[in-house]
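structure29.txt (compact mmCIF, C-alpha atoms)
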# COMPACT_ATOMS: atom_id res chain seq x y z
CA MET U 1180 51.61 88.09 76.49
CA THR U 1181 53.69 85.23 77.84
CA GLN U 1182 56.75 85.39 75.59
CA PRO U 1183 59.23 88.26 75.43
CA GLU U 1184 58.34 90.43 72.44
CA SER U 1185 60.91 91.58 69.91
CA VAL U 1186 60.33 94.77 67.89
CA ALA U 1187 62.54 96.09 65.09
CA THR U 1188 62.19 99.78 64.38
CA GLU U 1189 64.05 102.63 62.70
CA VAL U 1190 65.07 105.36 65.14
CA THR U 1191 67.32 108.37 65.53
CA VAL U 1192 70.12 107.97 68.05
CA ALA U 1193 69.99 110.60 70.80
CA GLY U 1194 72.99 109.38 72.81
CA ILE U 1195 74.27 106.75 75.19
CA VAL U 1196 73.44 107.23 78.87
CA ALA U 1197 76.22 106.05 81.17
CA GLY U 1198 75.12 103.88 84.08
CA ASP U 1199 74.53 100.34 85.20
CA PRO U 1200 73.26 99.25 82.80
CA PRO U 1201 74.08 101.86 80.15
CA LEU U 1202 71.12 102.97 78.05
CA LEU U 1203 70.70 103.77 74.38
CA ALA U 1204 68.74 107.02 74.13
CA TRP U 1205 66.69 107.13 70.94
CA GLN U 1206 63.87 109.16 69.50
CA LYS U 1207 61.35 108.67 66.77
CA ARG U 1208 58.80 110.92 65.12
CA LEU U 1209 55.40 109.24 65.29
CA HIS U 1210 52.34 109.88 63.13
CA ARG U 1211 48.88 108.93 64.32
CA PRO U 1212 46.27 107.71 61.80
CA ASP U 1213 44.62 111.17 61.94
CA GLY U 1214 47.88 112.81 60.86
CA LYS U 1215 48.83 114.25 64.27
CA GLN U 1216 52.46 113.81 65.22
CA LYS U 1217 54.65 113.69 68.28
CA VAL U 1218 58.21 112.73 69.16
CA HIS U 1219 58.67 109.60 71.24
CA VAL U 1220 61.81 109.35 73.37
CA GLN U 1221 62.92 106.07 74.90
CA TRP U 1222 66.02 104.88 76.74
CA THR U 1223 66.69 101.18 76.28
CA PRO U 1224 69.15 99.22 78.45
CA VAL U 1225 72.18 97.75 76.68
CA LEU U 1226 73.03 94.63 78.67
CA ASP U 1227 75.55 93.08 76.31
CA GLN U 1228 79.05 94.55 76.63
CA ALA U 1229 80.08 93.62 73.09
CA LEU U 1230 76.94 95.25 71.69
CA LEU U 1231 77.64 98.39 73.71
CA GLU U 1232 81.18 98.57 72.38
CA ARG U 1233 79.92 98.20 68.81
CA LEU U 1234 77.38 100.96 69.44
CA GLN U 1235 80.07 103.25 70.80
CA ARG U 1236 82.27 102.54 67.78
CA GLN U 1237 79.71 102.68 65.00
CA VAL U 1238 76.95 105.08 66.05
CA CYS U 1239 76.82 108.82 66.68
CA GLU U 1240 74.09 111.12 67.93
CA GLY U 1241 71.73 111.92 65.08
CA ASP U 1242 72.39 108.68 63.17
CA GLN U 1243 69.38 106.81 61.79
CA ILE U 1244 69.65 103.14 62.69
CA GLU U 1245 67.42 100.12 63.02
CA ILE U 1246 67.24 98.68 66.50
CA VAL U 1247 65.76 95.48 67.89
CA VAL U 1248 64.15 95.93 71.32
CA VAL U 1249 63.01 92.97 73.42
CA THR U 1250 60.41 93.48 76.18
CA ASP U 1251 59.18 90.82 78.59
CA TRP U 1252 55.59 91.78 79.44
CA SER U 1253 55.18 88.71 81.63
CA ARG U 1254 57.53 90.08 84.29
CA ALA U 1255 57.14 92.95 86.75
CA GLY U 1256 58.52 96.18 85.34
CA ALA U 1257 58.27 94.79 81.79
CA PRO U 1258 62.07 94.57 81.56
CA THR U 1259 63.41 95.61 78.18
CA TYR U 1260 66.80 95.58 76.48
CA LEU U 1261 68.53 96.29 73.20
CA ALA U 1262 69.01 93.01 71.35
CA GLY U 1263 70.67 94.36 68.23
CA PHE U 1264 71.10 97.23 65.81
CA SER U 1265 72.01 97.83 62.22
CA VAL U 1266 73.58 100.80 60.50
CA GLY U 1267 73.02 100.52 56.76
CA ALA U 1268 74.03 97.01 55.72
CA MET U 1269 76.07 96.40 58.88
CA THR U 1270 74.29 94.41 61.59
CA ALA U 1271 75.30 93.82 65.19
CA ARG U 1272 73.43 91.58 67.59
CA THR U 1273 73.85 90.20 71.05
CA THR U 1274 75.43 86.79 71.30
CA GLY U 1275 73.02 85.65 74.05
CA MET D 16 41.82 107.07 91.76
CA ILE D 17 40.12 105.20 88.90
CA PRO D 18 40.44 101.44 89.49
CA VAL D 19 43.35 100.07 87.47
CA ASP D 20 41.24 97.56 85.52
CA GLU D 21 38.72 100.27 84.57
CA ALA D 22 41.49 102.72 83.60
CA SER D 23 43.08 99.98 81.46
CA ARG D 24 39.82 99.31 79.63
CA GLN D 25 39.29 103.01 78.96
CA ILE D 26 42.84 103.53 77.68
CA SER D 27 42.57 100.50 75.41
CA ALA D 28 39.26 101.82 74.00
CA LEU D 29 40.64 105.36 73.50
CA HIS D 30 43.69 103.93 71.76
CA ARG D 31 41.48 101.87 69.43
CA THR D 32 39.23 104.83 68.61
CA HIS D 33 41.75 107.65 68.33
CA GLY D 34 45.11 105.95 67.77
CA GLY D 35 46.39 107.21 71.09
CA SER D 36 45.54 108.61 74.47
CA THR D 37 46.80 110.66 77.37
CA PHE D 38 45.11 109.27 80.45
CA ASN D 39 45.27 110.35 84.06
CA VAL D 40 44.45 107.75 86.71
CA TYR D 41 42.58 110.42 88.73
CA PHE D 42 40.91 112.51 86.00
CA GLY D 43 40.59 110.13 83.02
CA ASP D 44 41.02 111.12 79.36
CA LEU D 45 42.92 114.40 78.99
CA SER D 46 42.54 114.95 75.25
CA GLY D 47 41.29 118.46 74.53
CA GLU D 48 42.30 119.74 77.96
CA PRO D 49 44.34 122.97 78.21
CA LEU D 50 47.52 121.10 79.17
CA TYR D 51 51.02 120.62 77.75
CA ALA D 52 52.67 117.20 77.86
CA VAL D 53 56.39 116.65 78.41
CA SER D 54 58.24 113.33 78.54
CA VAL D 55 60.80 113.29 81.36
CA TYR D 56 60.87 109.55 82.13
CA PRO D 57 62.22 108.00 78.90
CA GLU D 58 63.56 104.94 80.72
CA ARG D 59 59.92 104.00 81.46
CA SER D 60 58.87 104.18 77.77
CA ARG D 61 58.01 100.95 75.98
CA ILE D 62 57.28 99.82 72.41
CA LEU D 63 54.84 97.13 71.27
CA SER D 64 54.57 95.55 67.82
CA GLN D 65 50.79 95.75 67.69
CA GLU D 66 48.18 98.33 66.77
CA GLU D 67 45.63 97.24 69.35
CA LEU D 68 46.46 97.76 72.99
CA ASP D 69 45.40 94.83 75.14
CA PRO D 70 43.91 96.03 78.47
CA GLU D 71 46.15 93.50 80.23
CA ILE D 72 49.25 95.19 78.82
CA VAL D 73 47.93 98.59 79.89
CA GLN D 74 47.20 97.25 83.37
CA HIS D 75 50.75 95.91 83.54
CA PHE D 76 52.13 99.30 82.46
CA ILE D 77 50.02 101.18 85.02
CA VAL D 78 51.03 98.90 87.90
CA ASP D 79 54.70 99.07 86.90
CA ASN D 80 54.58 102.87 86.89
CA LEU D 81 52.29 103.57 89.85
CA ASP D 82 55.18 105.21 91.71
CA LEU D 83 55.07 107.96 89.07
CA LEU D 84 51.35 107.88 88.23
CA GLU D 85 50.41 108.58 91.85
CA ASP D 86 51.54 112.14 91.11
CA PRO D 87 48.45 113.63 89.40
CA ARG D 88 50.71 115.48 86.93
CA ASN D 89 51.83 112.16 85.42
CA ASN D 90 49.81 110.19 82.89
CA VAL D 91 49.80 107.12 80.72
CA GLY D 92 50.56 108.09 77.12
CA THR D 93 49.82 105.76 74.21
CA TRP D 94 50.39 106.36 70.51
CA LEU D 95 49.81 104.22 67.43
CA ASN D 96 52.39 105.05 64.76
CA ARG D 97 50.67 104.65 61.38
CA ASP D 98 54.07 104.37 59.65
CA ASP D 99 55.00 101.04 61.24
CA GLY D 100 51.84 99.85 63.04
CA ASP D 101 53.67 99.79 66.37
CA THR D 102 52.30 101.20 69.62
CA TYR D 103 54.40 103.40 71.89
CA LEU D 104 53.80 103.81 75.63
CA ASP D 105 55.24 106.41 77.96
CA VAL D 106 54.69 108.23 81.22
CA ALA D 107 53.88 111.78 80.14
CA SER D 108 53.81 114.72 82.52
CA THR D 109 51.25 117.45 81.94
CA LEU D 110 51.37 121.06 83.04
CA PRO D 111 48.79 123.83 82.53
CA SER D 112 51.42 126.48 81.85
CA ARG D 113 53.04 126.48 78.42
CA GLU D 114 55.97 128.47 79.81
CA GLN D 115 56.56 125.94 82.58
CA ALA D 116 56.23 123.01 80.16
CA VAL D 117 58.75 124.54 77.77
CA GLY D 118 61.11 125.21 80.68
CA LEU D 119 60.84 121.61 81.82
CA ALA D 120 61.30 120.27 78.30
CA ARG D 121 64.39 122.46 77.81
CA ARG D 122 65.77 121.24 81.14
CA TYR D 123 65.52 117.66 79.81
CA ASN D 124 66.65 118.45 76.24
CA GLN D 125 63.33 117.46 74.74
CA ILE D 126 62.55 118.05 71.07
CA GLY D 127 59.11 119.38 71.82
CA ILE D 128 56.05 119.51 74.01
CA PHE D 129 52.56 118.32 73.05
CA ASP D 130 49.59 120.67 73.27
CA LEU D 131 46.70 118.44 74.35
CA ARG D 132 44.05 121.07 73.64
CA VAL D 133 44.74 121.01 69.89
CA SER D 134 46.81 117.78 69.67
CA GLU D 135 49.86 119.54 68.23
CA LEU D 136 53.58 119.11 68.69
CA LEU D 137 55.37 122.35 69.59
CA GLU D 138 59.05 121.96 68.76
CA ILE D 139 61.50 123.69 71.08
CA GLY D 140 64.83 122.68 69.58
CA GLY D 141 66.23 119.94 71.86
CA THR D 142 67.71 116.67 70.65
CA GLY D 143 66.11 114.12 73.00
CA GLY D 144 69.56 113.21 74.26
CA PRO D 145 70.34 112.75 77.94
CA PRO D 146 70.97 115.95 79.93
CA SER D 147 74.29 116.07 81.77
CA ASP D 148 72.87 116.28 85.29
CA LEU D 149 69.88 113.97 85.27
CA PRO D 150 68.12 113.85 88.64
CA PRO D 151 66.48 110.69 89.97
CA LEU D 152 62.96 109.94 88.75
CA GLU D 153 61.21 111.36 91.81
CA GLN D 154 62.95 114.73 91.46
CA ARG D 155 62.34 115.46 87.79
CA LEU D 156 59.16 117.50 88.16
CA PRO D 157 59.19 120.84 89.96
CA ASP D 158 57.88 120.96 93.52
CA ARG D 159 54.11 121.18 93.42
CA GLY D 160 54.19 124.56 95.10
CA ALA D 161 56.66 126.00 92.58
CA SER D 162 55.33 128.54 90.10

What does the file become when written as structure tokens?
Amino acid sequence: MTQPESVATEVTVAGIVAGDPPLLAWQKRLHRPDGKQKVHVQWTPVLDQALLERLQRQVCEGDQIEIVVVTDWSRAGAPTYLAGFSVGAMTARTTG
Amino acid sequence: MIPVDEASRQISALHRTHGGSTFNVYFGDLSGEPLYAVSVYPERSRILSQEELDPEIVQHFIVDNLDLLEDPRNNVGTWLNRDDGDTYLDVASTLPSREQAVGLARRYNQIGIFDLRVSELLEIGGTGGPPSDLPPLEQRLPDRGAS
């Protein structure tokens, strides 16, 4: 995979982890084709300050939102970041 | 340790056959083993918009997380979510003691642990949110000698 990959997915917000960079903590209940389930937890860096401020204003723990996560599998560490989110009809995205 | 390219091929095949895998780079496929899985490294989790898991991606994930996977309690976890067709990757820790796994999961505010013997989620009541006093990655599992 040579291009950064963008995935949009509905998740439940678990919090915002302070740090450099700050991270959006989210979780999602997954169902395998055989019906088995588990809960996936992921912390995704929020690199864009404006996006972080919108998250802090508009999102609370437990909210269901759609997020857009970009991952660059061509680079060491497969760096990933939050590229956008939407709460209902409201959409916020990075400017970069 | 299983060579990384061989481990990647096996994980990719398990993912294709079963829709997921928990794979240890020393012991191989852990499904059906009397172990409980806990996720304490959520910053290492990744999501992919594909059902199939390319061995090259798995190899990349293993190499990127070798610092954690060198501990034989840590494993590559993969899961195909039938609801959206996306694949989820994480570094899952496994413990033989249910009590210890629940204690660890509570320590990190996890929603549940996963019983690999019967492939069932055991919910313990956390939220998945960040704990207040999160230790660095290398200090998140108990000392190997701890009971």

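Closest approach to D:Arg97 from the set U:Lys1215, U:Leu1202, U:Thr1191, U:Gln1182 is made by U:Lys1215, with distances taken over only C-alpha atoms.
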
### Task
Might you pull out every residue within 10 Å of D:Asp86, with all atoms listed in the file counted and same-chain residues fewer than 5 positions away left off, and present them as an MDAnalysis selection string?
chainID D and resid 39:41 81 108 153 156 159

Please write the residues from the selection above to a file, keeping C-alpha atoms, as a PDB file, keeping the file's coordinate frame.
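What ended up in part20.pdb:
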ATOM      1  CA  ASN D  39      45.270 110.350  84.060  1.00  0.00           C
ATOM      2  CA  VAL D  40      44.450 107.750  86.710  1.00  0.00           C
ATOM      3  CA  TYR D  41      42.580 110.420  88.730  1.00  0.00           C
ATOM      4  CA  LEU D  81      52.290 103.570  89.850  1.00  0.00           C
ATOM      5  CA  SER D 108      53.810 114.720  82.520  1.00  0.00           C
ATOM      6  CA  GLU D 153      61.210 111.360  91.810  1.00  0.00           C
ATOM      7  CA  LEU D 156      59.160 117.500  88.160  1.00  0.00           C
ATOM      8  CA  ARG D 159      54.110 121.180  93.420  1.00  0.00           C
TER       9      ARG D 159
END

### Task
Mind giving me the straight-line distance from atom CA of D:Leu29 to atom CA of D:Ser134 in Å, one decimal?
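For atom CA of D:Leu29 relative to atom CA of D:Ser134, the distance reads 14.4 Å.
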
#### Entry: Nearby residues (all atoms listed in the file) at most 9 Å from U:His1219, same-chain spacing under 2 positions excluded, as a ChimeraX atom specification
/U:1205-1209,1217,1221 /D:54,57,60,94,103-105,143

Can you write just those residues out, C-alpha atoms, as an mmCIF file, keeping the file's coordinate frame?
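Now in out-v8.cif:
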data_model
loop_
_atom_site.group_PDB
_atom_site.id
_atom_site.type_symbol
_atom_site.label_atom_id
_atom_site.label_comp_id
_atom_site.auth_asym_id
_atom_site.auth_seq_id
_atom_site.Cartn_x
_atom_site.Cartn_y
_atom_site.Cartn_z
ATOM 1 C CA TRP U 1205 66.690 107.130 70.940
ATOM 2 C CA GLN U 1206 63.870 109.160 69.500
ATOM 3 C CA LYS U 1207 61.350 108.670 66.770
ATOM 4 C CA ARG U 1208 58.800 110.920 65.120
ATOM 5 C CA LEU U 1209 55.400 109.240 65.290
ATOM 6 C CA LYS U 1217 54.650 113.690 68.280
ATOM 7 C CA GLN U 1221 62.920 106.070 74.900
ATOM 8 C CA SER D 54 58.240 113.330 78.540
ATOM 9 C CA PRO D 57 62.220 108.000 78.900
ATOM 10 C CA SER D 60 58.870 104.180 77.770
ATOM 11 C CA TRP D 94 50.390 106.360 70.510
ATOM 12 C CA TYR D 103 54.400 103.400 71.890
ATOM 13 C CA LEU D 104 53.800 103.810 75.630
ATOM 14 C CA ASP D 105 55.240 106.410 77.960
ATOM 15 C CA GLY D 143 66.110 114.120 73.000
#

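Between atom CA of U:Pro1258 and atom CA of D:Gln74 the interatomic distance comes to 15.2 Å.
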
### Task
List the neighbours of stretch 1235-1241 of chain U out to 9 Å using all atoms listed in the file; skip same-chain residues closer than 5 positions along the sequence, and give me the result as a list in words.
Thr1191, Val1192, Ala1193, Gly1194, Ile1195, Trp1205, Leu1230 and Val1266 of chain U; Thr142 and Gly144 of chain D

### Task
Within 10 Å of chain U, which residues of chain D are there when counting all atoms listed in the file? Please give them as a PyMOL selection string.
chain D and resi 33-35+54-65+69+71-72+75-80+94-105+125-130+133-138+142-147+149

Would you place a box with edges along x, y and z of the file around all atoms of stretch 1230-1238 of chain U listed there, add 3 Å to each of its six sides, and report the centre and edge lengths in Å to one decimal, as lines of an AutoDock Vina configuration file?
center_x = 79.6
center_y = 100.2
center_z = 69.4
size_x = 11.3
size_y = 15.8
size_z = 14.7

### Interatomic distance, atom CA of U:Val1190 to atom CA of D:Asn90 (Å, one decimal)
23.9 Å

### Residue neighbourhood D:Ala116, 8 Å, only C-alpha atoms, exclusion window fewer than 4 positions, as an MDAnalysis selection string
chainID D and resid 51:53 109:112 120 128

Would you save the residues from that selection as a compact mmCIF listing (two decimals), in the coordinates of the input, using C-alpha atoms?
# COMPACT_ATOMS: atom_id res chain seq x y z
CA TYR D 51 51.02 120.62 77.75
CA ALA D 52 52.67 117.20 77.86
CA VAL D 53 56.39 116.65 78.41
CA THR D 109 51.25 117.45 81.94
CA LEU D 110 51.37 121.06 83.04
CA PRO D 111 48.79 123.83 82.53
CA SER D 112 51.42 126.48 81.85
CA ALA D 120 61.30 120.27 78.30
CA ILE D 128 56.05 119.51 74.01

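Around D:Pro70, within 6 Å and counting all atoms listed in the file, the residues found are Ser23, Arg24 and Ser27 of chain D, once anything fewer than 6 positions away on its own chain is removed.
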
Please supply stretch 17-31 of chain D, rebuilt with N, CA and C atoms, as a PDB file, keeping the file's coordinate frame.
ATOM      1  N   ILE D  17      40.908 106.146  89.700  1.00  0.00           N
ATOM      2  CA  ILE D  17      40.120 105.200  88.900  1.00  0.00           C
ATOM      3  C   ILE D  17      40.720 103.806  89.082  1.00  0.00           C
ATOM      4  N   PRO D  18      39.881 102.786  89.348  1.00  0.00           N
ATOM      5  CA  PRO D  18      40.440 101.440  89.490  1.00  0.00           C
ATOM      6  C   PRO D  18      41.286 101.059  88.264  1.00  0.00           C
ATOM      7  N   VAL D  19      42.381 100.346  88.527  1.00  0.00           N
ATOM      8  CA  VAL D  19      43.350 100.070  87.470  1.00  0.00           C
ATOM      9  C   VAL D  19      42.711  99.299  86.310  1.00  0.00           C
ATOM     10  N   ASP D  20      41.838  98.335  86.618  1.00  0.00           N
ATOM     11  CA  ASP D  20      41.240  97.560  85.520  1.00  0.00           C
ATOM     12  C   ASP D  20      40.317  98.434  84.674  1.00  0.00           C
ATOM     13  N   GLU D  21      39.592  99.361  85.315  1.00  0.00           N
ATOM     14  CA  GLU D  21      38.720 100.270  84.570  1.00  0.00           C
ATOM     15  C   GLU D  21      39.552 101.254  83.731  1.00  0.00           C
ATOM     16  N   ALA D  22      40.610 101.799  84.339  1.00  0.00           N
ATOM     17  CA  ALA D  22      41.490 102.720  83.600  1.00  0.00           C
ATOM     18  C   ALA D  22      42.089 101.998  82.385  1.00  0.00           C
ATOM     19  N   SER D  23      42.469 100.741  82.561  1.00  0.00           N
ATOM     20  CA  SER D  23      43.080  99.980  81.460  1.00  0.00           C
ATOM     21  C   SER D  23      42.091  99.790  80.320  1.00  0.00           C
ATOM     22  N   ARG D  24      40.852  99.477  80.664  1.00  0.00           N
ATOM     23  CA  ARG D  24      39.820  99.310  79.630  1.00  0.00           C
ATOM     24  C   ARG D  24      39.585 100.613  78.875  1.00  0.00           C
ATOM     25  N   GLN D  25      39.537 101.716  79.616  1.00  0.00           N
ATOM     26  CA  GLN D  25      39.290 103.010  78.960  1.00  0.00           C
ATOM     27  C   GLN D  25      40.448 103.397  78.043  1.00  0.00           C
ATOM     28  N   ILE D  26      41.673 103.181  78.506  1.00  0.00           N
ATOM     29  CA  ILE D  26      42.840 103.530  77.680  1.00  0.00           C
ATOM     30  C   ILE D  26      42.869 102.681  76.416  1.00  0.00           C
ATOM     31  N   SER D  27      42.594 101.394  76.569  1.00  0.00           N
ATOM     32  CA  SER D  27      42.570 100.500  75.410  1.00  0.00           C
ATOM     33  C   SER D  27      41.527 100.964  74.398  1.00  0.00           C
ATOM     34  N   ALA D  28      40.345 101.368  74.894  1.00  0.00           N
ATOM     35  CA  ALA D  28      39.260 101.820  74.000  1.00  0.00           C
ATOM     36  C   ALA D  28      39.633 103.143  73.319  1.00  0.00           C
ATOM     37  N   LEU D  29      40.215 104.069  74.081  1.00  0.00           N
ATOM     38  CA  LEU D  29      40.640 105.360  73.500  1.00  0.00           C
ATOM     39  C   LEU D  29      41.704 105.132  72.426  1.00  0.00           C
ATOM     40  N   HIS D  30      42.613 104.223  72.709  1.00  0.00           N
ATOM     41  CA  HIS D  30      43.690 103.930  71.760  1.00  0.00           C
ATOM     42  C   HIS D  30      43.095 103.361  70.469  1.00  0.00           C
ATOM     43  N   ARG D  31      42.103 102.479  70.604  1.00  0.00           N
ATOM     44  CA  ARG D  31      41.480 101.870  69.430  1.00  0.00           C
ATOM     45  C   ARG D  31      40.740 102.925  68.614  1.00  0.00           C
TER      46      ARG D  31
END
